[in-house]
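A.B. asks: Coordinates in structure_1.cif, mmCIF, C-alpha atoms, are listed below.
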data_coords
#
loop_
_atom_site.label_atom_id
_atom_site.label_comp_id
_atom_site.auth_asym_id
_atom_site.auth_seq_id
_atom_site.Cartn_x
_atom_site.Cartn_y
_atom_site.Cartn_z
CA MET R 373 -74.28 -94.18 110.79
CA THR R 374 -76.80 -91.45 109.98
CA ALA R 375 -76.61 -88.63 107.49
CA ASP R 376 -75.82 -85.20 108.91
CA PRO R 377 -78.45 -82.90 107.39
CA ALA R 378 -75.97 -80.03 107.26
CA THR R 379 -73.65 -81.73 104.79
CA SER R 380 -76.03 -84.10 103.07
CA GLN R 381 -77.53 -83.60 99.65
CA ARG R 382 -81.03 -84.77 98.88
CA LEU R 383 -82.07 -85.71 95.34
CA ALA R 384 -85.53 -86.80 94.26
CA ILE R 385 -85.75 -89.85 92.00
CA THR R 386 -88.83 -89.64 89.82
CA THR R 387 -87.55 -89.89 86.24
CA ASP R 388 -84.78 -91.58 84.25
CA GLY R 389 -83.01 -88.24 84.18
CA ASP R 390 -82.89 -88.25 87.98
CA VAL R 391 -80.99 -91.55 87.91
CA VAL R 392 -78.33 -89.85 85.80
CA ARG R 393 -78.27 -86.87 88.18
CA VAL R 394 -77.77 -89.14 91.20
CA ARG R 395 -74.96 -90.91 89.37
CA GLN R 396 -73.23 -87.63 88.55
CA ALA R 397 -73.61 -86.32 92.10
CA VAL R 398 -72.18 -89.55 93.54
CA ARG R 399 -69.25 -89.38 91.12
CA GLY R 400 -68.57 -85.79 92.18
CA LEU R 401 -68.54 -86.70 95.88
CA ALA R 402 -66.46 -89.83 95.29
CA GLN R 403 -63.83 -87.80 93.47
CA GLY R 404 -63.86 -85.23 96.27
CA ALA R 405 -63.45 -87.97 98.89
CA ARG R 406 -60.39 -89.27 96.97
CA LEU R 407 -61.73 -92.75 96.33
CA SER R 408 -59.62 -94.75 93.88
CA LEU R 409 -60.82 -94.76 90.29
CA VAL R 410 -61.98 -98.37 90.61
CA ASP R 411 -63.88 -97.64 93.85
CA GLN R 412 -65.40 -94.52 92.30
CA THR R 413 -66.66 -96.49 89.34
CA LYS R 414 -67.99 -99.27 91.58
CA LEU R 415 -69.80 -96.86 93.88
CA VAL R 416 -71.26 -94.94 90.95
CA THR R 417 -72.44 -98.17 89.33
CA ALA R 418 -74.01 -99.40 92.58
CA ALA R 419 -75.74 -96.03 93.01
CA SER R 420 -77.01 -96.29 89.44
CA GLU R 421 -78.48 -99.76 90.11
CA LEU R 422 -80.15 -98.72 93.36
CA ALA R 423 -81.48 -95.45 91.97
CA ARG R 424 -83.03 -97.36 89.10
CA ASN R 425 -84.52 -99.89 91.53
CA THR R 426 -85.98 -97.00 93.54
CA LEU R 427 -87.53 -95.64 90.36
CA VAL R 428 -88.72 -98.86 88.72
CA TYR R 429 -89.69 -101.05 91.69
CA GLY R 430 -90.22 -98.46 94.42
CA GLY R 431 -92.25 -96.14 92.22
CA GLY R 432 -89.84 -93.25 92.84
CA GLY R 433 -88.23 -91.94 96.00
CA GLU R 434 -85.12 -90.06 96.98
CA ALA R 435 -81.40 -90.39 97.47
CA VAL R 436 -79.51 -88.74 100.32
CA LEU R 437 -75.81 -88.28 99.64
CA SER R 438 -73.20 -87.36 102.21
CA VAL R 439 -69.46 -87.36 102.74
CA GLU R 440 -68.31 -89.05 105.94
CA ALA R 441 -65.01 -88.91 107.79
CA ASP R 442 -63.61 -91.82 109.74
CA GLY R 443 -60.24 -90.85 111.13
CA ARG R 444 -57.88 -90.69 108.19
CA ARG R 445 -60.32 -92.10 105.67
CA THR R 446 -63.10 -90.22 103.92
CA GLY R 447 -66.09 -91.96 102.47
CA VAL R 448 -69.27 -91.38 100.54
CA ARG R 449 -72.57 -92.61 101.91
CA VAL R 450 -75.73 -92.80 99.84
CA GLU R 451 -79.13 -93.69 101.19
CA PHE R 452 -82.01 -94.63 98.89
CA ARG R 453 -85.55 -94.43 100.19
CA ASP R 454 -88.89 -95.22 98.64
CA ASP R 455 -92.42 -95.78 99.87
CA GLY R 456 -93.08 -98.53 97.36
CA PRO R 457 -94.44 -102.02 97.99
CA GLY R 458 -91.23 -103.21 99.69
CA ILE R 459 -89.50 -106.53 99.05
CA PRO R 460 -91.45 -109.53 100.43
CA ASP R 461 -88.64 -112.09 100.15
CA LEU R 462 -85.26 -110.41 100.63
CA ASP R 463 -83.23 -113.62 100.30
CA LEU R 464 -84.80 -114.28 96.92
CA ALA R 465 -84.28 -110.66 95.82
CA MET R 466 -80.60 -110.89 96.78
CA THR R 467 -80.13 -113.99 94.61
CA ASP R 468 -78.11 -113.50 91.44
CA GLY R 469 -80.24 -113.72 88.35
CA TRP R 470 -83.60 -113.37 90.05
CA THR R 471 -85.71 -110.45 88.86
CA SER R 472 -89.31 -109.40 89.34
CA GLY R 473 -89.01 -107.11 86.33
CA GLY R 474 -87.26 -107.54 82.99
CA GLY R 475 -83.69 -106.89 84.12
CA LEU R 476 -80.67 -109.13 84.47
CA GLY R 477 -81.42 -109.76 88.15
CA LEU R 478 -78.00 -108.55 89.26
CA GLY R 479 -78.75 -105.01 90.42
CA LEU R 480 -79.35 -105.53 94.11
CA SER R 481 -76.99 -108.47 94.64
CA GLY R 482 -74.35 -106.84 92.43
CA ALA R 483 -74.60 -103.51 94.24
CA ARG R 484 -73.79 -105.29 97.52
CA ARG R 485 -70.58 -106.65 96.00
CA LEU R 486 -69.61 -103.25 94.59
CA VAL R 487 -69.44 -101.32 97.86
CA GLU R 488 -67.79 -101.68 101.28
CA HIS R 489 -70.89 -101.06 103.36
CA PHE R 490 -74.36 -102.26 102.40
CA GLU R 491 -77.49 -102.36 104.51
CA ILE R 492 -81.09 -102.85 103.50
CA ASP R 493 -84.29 -102.40 105.42
CA THR R 494 -87.45 -103.52 103.69
CA GLY R 495 -90.64 -105.48 104.10
CA PRO R 496 -94.02 -105.81 102.43
CA GLY R 497 -95.91 -102.53 102.59
CA ARG R 498 -93.21 -100.45 104.29
CA GLY R 499 -91.07 -99.37 101.40
CA THR R 500 -87.37 -99.95 101.00
CA ARG R 501 -84.33 -98.21 102.45
CA VAL R 502 -80.86 -99.09 101.19
CA VAL R 503 -77.64 -97.55 102.50
CA ILE R 504 -74.32 -97.95 100.72
CA ALA R 505 -70.91 -96.48 101.50
CA SER R 506 -67.35 -96.76 100.26
CA TRP R 507 -64.16 -95.32 101.74
CA SER R 508 -60.85 -94.01 100.52
CA ARG R 509 -57.85 -96.29 101.14
CA MET M 657 -113.72 -56.96 89.14
CA PRO M 658 -117.13 -56.38 87.51
CA ALA M 659 -117.27 -55.69 83.77
CA ALA M 660 -118.21 -52.01 84.33
CA ASP M 661 -114.98 -51.53 86.31
CA ALA M 662 -113.03 -53.18 83.53
CA ALA M 663 -114.39 -50.62 81.08
CA ARG M 664 -113.47 -47.82 83.53
CA LEU M 665 -109.95 -49.18 83.81
CA ALA M 666 -109.67 -49.27 80.04
CA ALA M 667 -110.70 -45.61 80.02
CA ILE M 668 -108.09 -44.71 82.68
CA LEU M 669 -105.39 -46.56 80.73
CA GLU M 670 -106.34 -44.77 77.53
CA ASP M 671 -106.53 -41.35 79.19
CA ARG M 672 -103.15 -41.69 80.83
CA THR M 673 -101.35 -43.75 78.19
CA ALA M 674 -98.56 -41.23 77.82
CA ASP M 675 -97.74 -41.07 81.58
CA ILE M 676 -98.02 -44.80 82.11
CA SER M 677 -95.91 -45.68 79.09
CA ALA M 678 -93.16 -43.24 80.03
CA ALA M 679 -92.65 -44.67 83.54
CA TRP M 680 -93.02 -48.21 82.24
CA LEU M 681 -90.52 -47.69 79.45
CA ASP M 682 -87.96 -46.03 81.73
CA ARG M 683 -88.03 -49.00 84.05
CA VAL M 684 -87.72 -51.58 81.27
CA VAL M 685 -84.89 -49.76 79.53
CA ALA M 686 -83.04 -49.37 82.84
CA GLU M 687 -83.46 -53.09 83.55
CA LEU M 688 -82.59 -54.32 80.08
CA GLN M 689 -79.60 -52.09 79.48
CA GLY M 690 -78.09 -53.04 76.16
CA ARG M 691 -80.26 -56.10 75.59
CA THR M 692 -82.93 -54.24 73.70
CA THR M 693 -83.32 -50.82 72.12
CA ARG M 694 -85.69 -48.19 73.44
CA ALA M 695 -87.61 -48.17 70.16
CA GLU M 696 -88.09 -51.93 70.28
CA ALA M 697 -89.21 -51.87 73.91
CA GLN M 698 -91.62 -49.07 73.07
CA ARG M 699 -93.12 -51.01 70.17
CA GLU M 700 -93.59 -54.10 72.35
CA GLN M 701 -95.19 -52.05 75.10
CA ALA M 702 -97.59 -50.36 72.71
CA GLU M 703 -98.72 -53.80 71.54
CA ILE M 704 -99.14 -55.11 75.09
CA LEU M 705 -101.02 -51.99 76.19
CA ASP M 706 -103.33 -52.10 73.15
CA ALA M 707 -104.13 -55.76 73.78
CA LEU M 708 -104.71 -55.04 77.48
CA VAL M 709 -107.08 -52.15 76.76
CA ASP M 710 -108.93 -54.20 74.13
CA GLY M 711 -109.29 -57.07 76.60
CA LEU M 712 -110.63 -54.77 79.33
CA LYS M 713 -113.07 -53.18 76.89
CA ALA M 714 -114.32 -56.64 75.93
CA GLY M 715 -115.15 -57.15 79.60
CA GLY M 716 -112.10 -59.23 80.56
CA GLU M 717 -111.72 -59.54 84.32
CA ARG M 718 -109.26 -62.37 84.85
CA VAL M 719 -106.15 -63.37 82.98
CA ASP M 720 -107.73 -66.58 81.71
CA ALA M 721 -110.83 -64.80 80.34
CA PRO M 722 -111.47 -65.23 76.58
CA ALA M 723 -111.30 -61.44 76.24
CA PHE M 724 -107.55 -61.64 76.97
CA ASP M 725 -106.82 -64.35 74.38
CA ALA M 726 -104.99 -61.90 72.14
CA LEU M 727 -102.97 -60.51 75.06
CA ARG M 728 -101.97 -63.96 76.28
CA GLY M 729 -100.98 -64.97 72.75
CA LEU M 730 -98.84 -61.86 72.47
CA LEU M 731 -97.14 -62.42 75.83
CA ALA M 732 -96.50 -66.11 75.09
CA GLU M 733 -94.89 -65.16 71.80
CA LEU M 734 -92.73 -62.48 73.41
CA SER M 735 -91.63 -64.81 76.21
CA ALA M 736 -90.77 -67.62 73.80
CA ALA M 737 -88.75 -65.23 71.63
CA ARG M 738 -86.84 -63.98 74.67
CA ALA M 739 -86.20 -67.51 75.93
CA ARG M 740 -84.61 -68.31 72.58
CA LEU M 741 -82.53 -65.14 72.66
CA GLY M 742 -81.12 -66.15 76.05
CA PHE M 743 -82.88 -63.56 78.21
CA THR M 744 -83.10 -64.41 81.92
CA PRO M 745 -86.55 -64.99 83.47
CA ARG M 746 -86.16 -61.62 85.24
CA GLU M 747 -85.37 -59.78 82.03
CA THR M 748 -88.38 -61.39 80.40
CA ALA M 749 -90.92 -60.75 83.13
CA VAL M 750 -89.81 -57.17 83.83
CA GLY M 751 -91.46 -56.16 80.55
CA VAL M 752 -94.82 -56.85 82.15
CA PHE M 753 -94.15 -56.14 85.81
CA ALA M 754 -92.71 -52.71 84.98
CA LEU M 755 -96.20 -51.71 83.83
CA LYS M 756 -96.90 -51.36 87.54
CA GLU M 757 -94.39 -48.50 87.69
CA GLY M 758 -96.62 -46.62 85.30
CA LEU M 759 -99.72 -47.49 87.32
CA TYR M 760 -98.11 -46.42 90.61
CA ALA M 761 -97.34 -43.05 89.06
CA VAL M 762 -100.99 -42.65 88.11
CA ALA M 763 -102.28 -43.97 91.45
CA GLY M 764 -100.13 -41.47 93.34
CA GLU M 765 -102.07 -38.55 91.98
CA GLY M 766 -105.53 -40.05 91.42
CA ASP M 767 -108.53 -39.84 93.77
CA ALA M 768 -109.57 -42.65 96.11
CA ALA M 769 -112.02 -44.29 93.68
CA ASP M 770 -109.36 -44.47 90.99
CA VAL M 771 -106.89 -46.02 93.42
CA ALA M 772 -109.36 -48.79 94.33
CA ASP M 773 -109.79 -49.58 90.64
CA LEU M 774 -106.09 -49.49 90.03
CA THR M 775 -105.56 -52.08 92.76
CA ALA M 776 -107.64 -54.50 90.71
CA LEU M 777 -105.58 -53.65 87.66
CA LEU M 778 -102.32 -54.17 89.58
CA ARG M 779 -103.53 -57.65 90.51
CA LEU M 780 -104.25 -58.34 86.86
CA VAL M 781 -100.74 -57.21 85.94
CA ASP M 782 -99.30 -59.57 88.57
CA ASP M 783 -101.20 -62.45 86.99
CA LEU M 784 -100.00 -61.41 83.55
CA GLY M 785 -96.44 -61.38 84.90
CA LEU M 786 -96.85 -64.89 86.26
CA PHE M 787 -98.28 -65.98 82.93
CA THR M 788 -95.15 -64.57 81.29
CA PHE M 789 -92.99 -66.62 83.64
CA GLU M 790 -94.90 -69.76 82.79
CA SER M 791 -94.63 -69.13 79.06
CA PHE M 792 -90.92 -68.48 79.43
CA ALA M 793 -90.43 -71.72 81.35
CA ALA M 794 -92.47 -73.68 78.80
CA ALA M 795 -90.39 -72.23 75.96
CA ARG M 796 -87.17 -73.17 77.78
CA GLU M 797 -88.44 -76.70 78.37
CA SER M 798 -89.16 -77.13 74.68
CA ILE M 799 -85.70 -75.80 73.78
CA ILE M 800 -84.14 -78.32 76.16
CA SER M 801 -86.09 -81.25 74.77
CA GLU M 802 -85.22 -80.17 71.22
CA GLN M 803 -81.55 -80.09 72.16
CA ALA M 804 -81.80 -83.50 73.84
CA GLU M 805 -83.23 -84.88 70.62
CA GLN M 806 -80.50 -83.28 68.53
CA LEU M 807 -77.91 -84.70 70.91
CA LEU M 808 -79.42 -88.14 70.51
CA GLU M 809 -78.84 -87.90 66.77
CA LEU M 810 -75.41 -86.36 67.11
CA SER M 811 -74.01 -88.75 69.64
CA THR M 812 -74.56 -91.99 67.77
CA PRO M 813 -72.49 -92.09 64.61
CA VAL M 814 -71.84 -95.43 62.95
CA VAL M 815 -68.51 -95.28 61.13
CA LYS M 816 -66.96 -97.62 58.62
CA LEU M 817 -63.44 -98.52 59.78
CA TRP M 818 -62.46 -100.91 57.04
CA GLU M 819 -64.06 -102.89 54.27
CA GLY M 820 -66.54 -105.09 56.13
CA VAL M 821 -65.96 -103.50 59.56
CA VAL M 822 -68.23 -100.85 61.09
CA ALA M 823 -67.90 -99.28 64.53
CA VAL M 824 -70.11 -97.35 66.94
CA PRO M 825 -68.19 -95.19 69.42
CA LEU M 826 -70.55 -94.71 72.34
CA VAL M 827 -70.11 -91.61 74.49
CA GLY M 828 -72.04 -90.72 77.62
CA THR M 829 -75.01 -92.31 79.24
CA LEU M 830 -76.76 -95.22 77.55
CA ASP M 831 -80.47 -95.18 78.25
CA SER M 832 -83.21 -97.11 76.51
CA ALA M 833 -83.95 -94.38 73.98
CA ARG M 834 -80.30 -94.04 72.94
CA THR M 835 -79.76 -97.77 72.79
CA GLN M 836 -82.73 -98.03 70.48
CA VAL M 837 -81.25 -95.38 68.17
CA VAL M 838 -77.82 -97.02 68.29
CA MET M 839 -79.21 -100.46 67.56
CA GLU M 840 -81.32 -99.25 64.63
CA LYS M 841 -78.44 -97.29 63.12
CA LEU M 842 -75.99 -100.13 63.57
CA LEU M 843 -78.27 -102.74 62.02
CA GLN M 844 -79.13 -100.39 59.15
CA THR M 845 -75.46 -99.69 58.47
CA LEU M 846 -74.64 -103.42 58.59
CA VAL M 847 -77.17 -103.98 55.80
CA GLU M 848 -76.13 -100.97 53.73
CA THR M 849 -72.41 -101.69 53.83
CA GLY M 850 -72.70 -105.47 53.78
CA SER M 851 -70.34 -105.58 56.76
CA GLU M 852 -69.68 -108.76 58.69
CA HIS M 853 -68.09 -107.13 61.71
CA ALA M 854 -69.47 -104.58 64.09
CA ILE M 855 -67.45 -103.04 66.91
CA ILE M 856 -69.21 -101.27 69.78
CA ASP M 857 -66.70 -99.06 71.56
CA ILE M 858 -67.62 -98.07 75.11
CA THR M 859 -64.48 -96.06 75.98
CA GLY M 860 -66.69 -92.99 76.44
CA VAL M 861 -69.31 -94.66 78.63
CA PRO M 862 -68.58 -93.60 82.23
CA ALA M 863 -70.29 -96.51 84.00
CA VAL M 864 -71.62 -99.87 82.89
CA ASP M 865 -74.48 -100.95 85.13
CA THR M 866 -76.82 -103.87 84.53
CA GLN M 867 -79.16 -101.79 82.37
CA VAL M 868 -76.35 -100.62 80.09
CA ALA M 869 -75.00 -104.18 79.94
CA GLN M 870 -78.42 -105.51 79.06
CA HIS M 871 -78.78 -102.95 76.27
CA LEU M 872 -75.33 -103.87 74.94
CA LEU M 873 -76.11 -107.59 75.03
CA LYS M 874 -79.37 -107.07 73.15
CA THR M 875 -77.62 -105.01 70.47
CA VAL M 876 -74.98 -107.72 70.05
CA VAL M 877 -77.61 -110.45 69.77
CA ALA M 878 -79.55 -108.43 67.19
CA ALA M 879 -76.39 -107.89 65.10
CA ARG M 880 -75.65 -111.61 65.30
CA LEU M 881 -79.11 -112.47 64.10
CA MET M 882 -78.25 -110.49 61.00
CA GLY M 883 -75.16 -112.55 60.50
CA ALA M 884 -72.61 -110.05 61.78
CA GLU M 885 -69.95 -110.74 64.36
CA CYS M 886 -69.98 -108.17 67.14
CA THR M 887 -67.10 -107.07 69.38
CA ILE M 888 -67.33 -104.81 72.41
CA SER M 889 -64.19 -102.73 72.83
CA GLY M 890 -62.92 -99.97 75.07
CA ILE M 891 -63.33 -101.84 78.34
CA ARG M 892 -61.20 -99.91 80.80
CA PRO M 893 -59.74 -101.58 83.92
CA GLN M 894 -62.21 -100.00 86.36
CA ILE M 895 -65.13 -100.97 84.12
CA ALA M 896 -63.85 -104.55 83.87
CA GLN M 897 -63.62 -104.82 87.67
CA THR M 898 -67.08 -103.35 88.08
CA ILE M 899 -68.60 -105.77 85.57
CA VAL M 900 -66.96 -108.71 87.40
CA ALA M 901 -68.21 -107.52 90.80
CA LEU M 902 -71.70 -106.99 89.45
CA GLY M 903 -71.66 -110.52 88.09
CA ILE M 904 -72.58 -109.66 84.50
CA GLU M 905 -71.76 -112.50 82.10
CA PHE M 906 -70.76 -111.45 78.60
CA GLY M 907 -70.76 -115.12 77.62
CA ASP M 908 -69.15 -115.81 74.26
CA ILE M 909 -69.28 -112.17 73.17
CA ARG M 910 -65.87 -111.03 72.04
CA THR M 911 -64.50 -108.14 74.10
CA LYS M 912 -61.30 -106.16 73.66
CA ALA M 913 -59.50 -103.52 75.69
CA THR M 914 -59.13 -101.06 72.83
CA LEU M 915 -60.76 -100.24 69.52
CA ALA M 916 -57.44 -100.99 67.78
CA ASP M 917 -57.37 -104.52 69.22
CA ALA M 918 -60.94 -105.06 68.10
CA LEU M 919 -60.16 -103.86 64.57
CA VAL M 920 -57.14 -106.17 64.30
CA ALA M 921 -59.22 -109.11 65.54
CA ALA M 922 -62.00 -108.32 63.05
CA LEU M 923 -59.53 -108.07 60.17
CA ARG M 924 -57.83 -111.35 61.15
CA SER M 925 -61.07 -113.24 61.18
CA ASN M 926 -62.02 -111.61 57.89
CA GLY M 927 -59.04 -113.37 56.36
CA ALA M 928 -55.65 -112.14 55.25
CA ALA M 929 -57.07 -110.80 51.99
CA ARG M 930 -58.44 -107.75 53.71
CA THR M 931 -55.73 -106.97 56.26
CA PRO M 932 -54.06 -103.57 55.94
CA ALA M 933 -50.82 -105.18 54.83
CA ALA M 934 -52.53 -107.06 51.99
CA VAL M 935 -54.48 -104.04 50.84
CA LEU M 936 -51.46 -101.77 50.90
CA GLY M 937 -49.49 -104.42 49.07
CA VAL M 938 -46.79 -104.55 51.74
#
So that I can check it, write out the structure of this file as structure tokens.

C.D. replies:
Amino acid sequence: MTADPATSQRLAITTDGDVVRVRQAVRGLAQGARLSLVDQTKLVTAASELARNTLVYGGGGEAVLSVEADGRRTGVRVEFRDDGPGIPDLDLAMTDGWTSGGGLGLGLSGARRLVEHFEIDTGPGRGTRVVIASWSR
Amino acid sequence: MPAADAARLAAILEDRTADISAAWLDRVVAELQGRTTRAEAQREQAEILDALVDGLKAGGERVDAPAFDALRGLLAELSAARARLGFTPRETAVGVFALKEGLYAVAGEGDAADVADLTALLRLVDDLGLFTFESFAAARESIISEQAEQLLELSTPVVKLWEGVVAVPLVGTLDSARTQVVMEKLLQTLVETGSEHAIIDITGVPAVDTQVAQHLLKTVVAARLMGAECTISGIRPQIAQTIVALGIEFGDIRTKATLADALVAALRSNGAARTPAAVLGV
């Protein structure tokens, strides 16, 4: 599943304000893709967590948003990319309550539970790429 | 542009002031139809032209030269004023760029040496135009940050609902700065009113992520440290499901679906003496 550049929207994440912008853009697409209100809220919340991770732990990056079609269903896909330090121990990072910063330690693990599709590609020194997607019912 | 040329340019500008101003003014008035009067545009242009000639006479060659301090100050002031009046960037910058119309008119009839000089002047005008753009953008930025600050104040009222019960209706995005303001105001109001119950209503918060939750939890803990009981209300179904999926624990913090439920609960635990029925004598 890759983003089609023609229909995708690219947003830089370098300030707190950008996190809000990403959230609003995701909400707009989710409404357009006719996700249920609960799924909209979940996707927006997951996007908010990941955008903040990109900013705080990845040192800034970008989000690529796109609307996908799969037969009858439409979905919203968001990819977060940063060139930060990467996550050395992914299993640990995906554990509830574990944080390397001052947060609740639920952002990454919680985001996975909030969306239908979740994939992460990371490693020490090669940045982090997270893709999430949710679909209409 | 050597200083001698600058002096020559000043002389050309002074000699041909009338021609240059006329073409310049026509262009500006045509562009700014209705936004400004001809007399006002003329007054502004006279000031700009005077400052430009003075700067050239003082040997100014580049926009950032000290000789052009007065001119830059003038342009910055004009741009800021226009930003506040709601002019577009185009409408703001045309006041400077249109000076080139006047220069073209002069160049068209001058001899070759004059034209070479005027090219240098045209470049200077371009730089002045860009400076105007920058000033305009800076003024807009400061307006935006002022408004953001005003919004911060506006959007965090702490209201007294009943004797001993205060509430904070939160609307919009909760970031660290806003949470700080909310927490300070809430704690201050708790002291001032001697209230024992605080209700934080999040009906207007579109999404509760871990950061928002963390801010809420901190506020509740701070209120508790001051001896007040805190309730979080306005938890809509989609927010409740999101909080569960995220795995956020609200622990023993009292939460209610609506502000009304939270108020009733606060009044109950305050004792029957203060319930609406008792106060109204029903």

A.B. asks: Using the chain letters and residue numbers of this document, give as a PyMOL selection string the residues selected by the PyMOL selection byres ((chain M) within 10 of (chain R)).

C.D. replies: chain M and resi 829-832+862-867+869-870+892-905

A.B. asks: Which residues, protein or nucleic acid, reach to within 7 Å of (-86.2, -105.1, 102.7) in the file's coordinates when using only C-alpha atoms, and can you give that as a list in words?

C.D. replies: Gly458, Ile459, Leu462, Ile492, Asp493, Thr494, Gly495 and Thr500 of chain R

A.B. asks: When the PyMOL selection byres ((chain R and resi 439-451) around 6) is applied to the file above, which residues end up in the set, as number ranges by chain?

C.D. replies: R: 405, 435-438, 452, 502-508

A.B. asks: Starting from the displayed file, determine the output of the PyMOL selection byres ((chain M and resi 685-691) around 10) and express the residue list as a PDB file with C-alpha atoms, in the coordinates of the input.

C.D. replies:
ATOM      1  CA  TRP M 680     -93.020 -48.210  82.240  1.00  0.00           C
ATOM      2  CA  LEU M 681     -90.520 -47.690  79.450  1.00  0.00           C
ATOM      3  CA  ASP M 682     -87.960 -46.030  81.730  1.00  0.00           C
ATOM      4  CA  ARG M 683     -88.030 -49.000  84.050  1.00  0.00           C
ATOM      5  CA  VAL M 684     -87.720 -51.580  81.270  1.00  0.00           C
ATOM      6  CA  THR M 692     -82.930 -54.240  73.700  1.00  0.00           C
ATOM      7  CA  THR M 693     -83.320 -50.820  72.120  1.00  0.00           C
ATOM      8  CA  ARG M 694     -85.690 -48.190  73.440  1.00  0.00           C
ATOM      9  CA  ALA M 695     -87.610 -48.170  70.160  1.00  0.00           C
ATOM     10  CA  ALA M 697     -89.210 -51.870  73.910  1.00  0.00           C
ATOM     11  CA  GLN M 698     -91.620 -49.070  73.070  1.00  0.00           C
ATOM     12  CA  LEU M 741     -82.530 -65.140  72.660  1.00  0.00           C
ATOM     13  CA  PHE M 743     -82.880 -63.560  78.210  1.00  0.00           C
ATOM     14  CA  ARG M 746     -86.160 -61.620  85.240  1.00  0.00           C
ATOM     15  CA  GLU M 747     -85.370 -59.780  82.030  1.00  0.00           C
ATOM     16  CA  THR M 748     -88.380 -61.390  80.400  1.00  0.00           C
ATOM     17  CA  VAL M 750     -89.810 -57.170  83.830  1.00  0.00           C
ATOM     18  CA  GLY M 751     -91.460 -56.160  80.550  1.00  0.00           C
ATOM     19  CA  ALA M 754     -92.710 -52.710  84.980  1.00  0.00           C
TER      20      ALA M 754
END

A.B. asks: For atom CA of Arg453 of chain R and atom CA of Ile800 of chain M, determine how far apart the two atoms are, in Å to one decimal place.

C.D. replies: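 Interatomic distance here is 29.0 Å.
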
A.B. asks: Given the choices R:Thr386, R:Ser472, R:Ser380, R:Gln403, which gets closest to Ala423 of chain R if the distance is worked out from only C-alpha atoms?

C.D. replies: R:Thr386

A.B. asks: Please measure the separation of atom CA of Gly433 of chain R and atom CA of Asp455 of chain R, giving the value in Å to one decimal.

C.D. replies: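 According to the coordinates, atom CA of Gly433 of chain R and atom CA of Asp455 of chain R are separated by 6.9 Å.
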
A.B. asks: When you draw a straight line from atom CA of Val814 of chain M to atom CA of Leu873 of chain M, how long is it in Å?

C.D. replies: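 Between these atoms lies a distance of 17.7 Å.
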
A.B. asks: Could you check which of R:Thr467, R:Glu434, R:Leu422, R:Gly473 is closest to Phe490 of chain R, using only C-alpha atoms?

C.D. replies: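 Checking each of R:Thr467, R:Glu434, R:Leu422, R:Gly473 against Phe490 of chain R, counting only C-alpha atoms, the winner is R:Leu422.
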
A.B. asks: For each of M:Glu848, M:Glu840, M:Glu733, M:Asp770, take the minimum atom-to-atom distance to Val876 of chain M, counting all atoms listed in the file, then give the residue where this is smallest.

C.D. replies: M:Glu840

A.B. asks: In terms of the shortest atom-to-atom distance over all atoms listed in the file, which of M:Leu846, M:Leu778, M:Ala772, M:Leu915 is closest to Gly883 of chain M?

C.D. replies: M:Leu846

A.B. asks: Which is closest to Ile891 of chain M among M:Ala749, M:Ala732, M:Leu826, M:Leu784, if we use only C-alpha atoms?

C.D. replies: M:Leu826

A.B. asks: Please work out which residues fall within 12 Å of (-100.9, -60.0, 89.7), coordinates as given in the file, with only C-alpha atoms counting, and return them as a PyMOL selection string.

C.D. replies: chain M and resi 718-719+749+752-756+774-789

A.B. asks: Need the axis-aligned box for segment 756-775 of chain M with 6 Å each side, so what are the centre and edges in Å to one decimal, as JSON?

C.D. replies:
{"center_x": -103.2, "center_y": -45.3, "center_z": 90.7, "size_x": 29.6, "size_y": 25.5, "size_z": 22.8}

A.B. asks: Looking at M:Val847, M:Val827, M:Leu807, M:Leu881, which one is nearest to Val861 of chain M, with distances taken over all atoms listed in the file?

C.D. replies: M:Val827
